[in-house]
Amino acid sequence: MWIQISAGRGPVECARAAEHFAKSLIEEFSKSAGKVEILACEPDTRGGWRSALLSTEATDLGDLQQGGTILWIAPSTDRPGHKRKNWFVDVAVLAEPPASQESSRRDWRVETMRSGGAGGQHVNKTESAVRVTDPVTGLAALASEERSQHRNRALAFARLQEKIDLGEAARGDSRRSALWERHDALERGRPVRTYEGGGFQRRS
């Protein structure tokens, strides 16, 4: 399984939460679910990780199986005295696409483009974002949060396959294809996990 962790458009505190959460998952799963590998991460220049992509041998991720919002409750160390203490990151779980998937989907249209949003000059000048479209169903999926076009391509293929498998054409559900653009929506949902303090302790 792939686990995609994203701080979205959130401030640096959300990027720090994303890094804390990724490292806590590695420790958690290594004890119970086997090896966890960091496939890619996007550091924030101010600290933390803007996004991370993990691979795990686990097939049952428990409370994370359906993805959702992670809440970190802690005072900001980057902006002392700042009133806000709630920081959110998004988690999505995707089945790792088989190595043969792309060859079996030659009819899918693949487009590359410059990635928007945070990330500095590299994001603005490199066509690292990938959109994949299935001309049969009209469904499309976008991945832009990784620096590597190769990783974004794999993510886009996995997301589009998931849309097709879940029959999202009828529901118009694009939740998993827009992680980077939907940070504002994260705060409206009920978190699947909550962590507290500088030690990033999970609340039971």
# chains A, B, ... in the order shown; residues from 1 in each chain; ligands from 1
>>> residues_around(residues="Leu155 in chain A", least_positions_apart="5", cutoff="10 Å", atoms="only C-alpha atoms", output="CSV table (one decimal) with C-alpha atoms, in the first residue's frame")
chain,number,residue,atom,x,y,z
A,2,TRP,CA,1.0,3.6,-0.6
A,4,GLN,CA,0.3,9.8,0.9
A,53,LEU,CA,4.9,9.2,0.1
A,94,LEU,CA,-3.7,4.0,-2.4
A,95,ALA,CA,-3.1,0.5,-3.7
A,96,GLU,CA,0.4,0.5,-5.2
A,97,PRO,CA,-0.1,0.2,-9.0
A,130,VAL,CA,1.0,14.8,-14.3
A,131,ARG,CA,-2.6,14.4,-15.3
A,132,VAL,CA,-3.9,11.1,-16.6
A,141,ALA,CA,-6.5,12.2,-12.0
A,142,LEU,CA,-3.8,14.7,-11.2
A,143,ALA,CA,-0.7,14.4,-9.1
A,144,SER,CA,1.5,17.4,-8.5
A,145,GLU,CA,2.8,17.2,-4.9
A,146,GLU,CA,6.0,15.3,-5.6
A,149,GLN,CA,7.6,13.5,-12.5
A,150,HIS,CA,8.1,9.7,-12.2
A,160,LEU,CA,-7.3,7.1,-11.7
A,161,GLN,CA,-7.4,3.3,-11.3
A,177,SER,CA,-7.0,13.6,-6.9
>>> closest_residue(among="A:Ser51, A:Ser32, A:Thr126, A:Gln65", to="Arg9 in chain A", atoms="only C-alpha atoms")
A:Ser51
>>> residues_around(residues="Leu61 in chain A", least_positions_apart="2", cutoff="10 Å", atoms="only C-alpha atoms", output="list in words")
Met1, Ile3, Phe29, Ala33, Thr56, Ala58, Thr59, Asp63, Leu64, Gln65, Gln66, Gly67 and Val93 of chain A
>>> write_last_selection(atoms="C-alpha atoms", output="PDB file, in the first residue's frame")
ATOM      1  CA  MET A   1       0.000   0.000   0.000  1.00  0.00           C
ATOM      2  CA  ILE A   3       0.360   6.239   2.107  1.00  0.00           C
ATOM      3  CA  PHE A  29       4.323  -0.002  11.346  1.00  0.00           C
ATOM      4  CA  ALA A  33       3.177  -4.439   9.944  1.00  0.00           C
ATOM      5  CA  THR A  56       4.182  -0.381   3.425  1.00  0.00           C
ATOM      6  CA  ALA A  58       0.666  -3.883   5.447  1.00  0.00           C
ATOM      7  CA  THR A  59      -2.721  -4.550   3.869  1.00  0.00           C
ATOM      8  CA  ASP A  63      -8.126   3.609  11.362  1.00  0.00           C
ATOM      9  CA  LEU A  64      -6.103   4.966   8.443  1.00  0.00           C
ATOM     10  CA  GLN A  65      -7.513   2.562   5.862  1.00  0.00           C
ATOM     11  CA  GLN A  66      -9.917   5.124   4.407  1.00  0.00           C
ATOM     12  CA  GLY A  67      -7.554   8.055   4.817  1.00  0.00           C
ATOM     13  CA  VAL A  93      -4.197   5.397   1.123  1.00  0.00           C
TER      14      VAL A  93
END
>>> residues_around(residues="range 17-26 of chain A", least_positions_apart="2", cutoff="7 Å", atoms="only C-alpha atoms", output="list in words")
Ile5, Ser6, Ala7, Glu13, Cys14, Ala15, Glu28, Phe29, Ser30, Val36, Gly48, Trp49, Arg50, Ser51, Trp72, Val89 and Phe200 of chain A
>>> residues_around(residues="Asn86 in chain A", least_positions_apart="4", cutoff="8 Å", atoms="only C-alpha atoms", output="CSV table (one decimal) with N, CA and C atoms, in the first residue's frame")
chain,number,residue,atom,x,y,z
A,71,LEU,N,-4.9,15.6,13.1
A,71,LEU,CA,-4.8,16.8,13.8
A,71,LEU,C,-3.6,16.8,14.8
A,72,TRP,N,-2.8,17.8,14.8
A,72,TRP,CA,-1.8,18.0,15.8
A,72,TRP,C,-2.1,19.2,16.6
A,73,ILE,N,-2.2,19.1,17.9
A,73,ILE,CA,-2.5,20.2,18.8
A,73,ILE,C,-1.2,20.5,19.5
A,74,ALA,N,-0.7,21.7,19.2
A,74,ALA,CA,0.6,22.1,19.8
A,74,ALA,C,0.8,23.6,19.5
>>> residues_around(residues="Ser76 in chain A", least_positions_apart="3", cutoff="7 Å", atoms="only C-alpha atoms", output="count of residues only")
5
>>> atom_distance(atom1="CA of Asp107 in chain A", atom2="CA of Asp134 in chain A")
7.0 Å
>>> select_by_dssp(residues="range 49-105 of chain A", states="strand (DSSP E or B)", output="list of chain:residue names")
A:Trp49, A:Arg50, A:Ser51, A:Ala52, A:Leu53, A:Leu54, A:Ser55, A:Thr56, A:Gly68, A:Thr69, A:Ile70, A:Leu71, A:Trp72, A:Ile73, A:Asn86, A:Trp87, A:Phe88, A:Val89, A:Asp90, A:Val91, A:Ala92, A:Val93, A:Leu94
>>> atom_distance(atom1="CA of Arg46 in chain A", atom2="CA of Gly198 in chain A")
17.2 Å
>>> select_by_dssp(residues="range 12-77 of chain A", states="alpha helix (DSSP H)", output="list in words")
Val12, Glu13, Cys14, Ala15, Arg16, Ala17, Ala18, Glu19, His20, Phe21, Ala22, Lys23, Ser24, Leu25, Ile26, Glu27, Glu28, Phe29, Ser30, Lys31 and Ser32 of chain A
>>> residues_around(residues="Arg203 in chain A", least_positions_apart="5", cutoff="7 Å", atoms="only C-alpha atoms", output="NGL selection string")
:A and (194-196)
>>> write_last_selection(atoms="C-alpha atoms", output="short mmCIF file (atom, residue, chain, number, x, y, z; two decimals), in the first residue's frame")
data_model
loop_
_atom_site.label_atom_id
_atom_site.label_comp_id
_atom_site.auth_asym_id
_atom_site.auth_seq_id
_atom_site.Cartn_x
_atom_site.Cartn_y
_atom_site.Cartn_z
CA THR A 194 -5.12 13.42 17.06
CA TYR A 195 -1.63 14.06 18.39
CA GLU A 196 -0.54 16.51 21.07
#
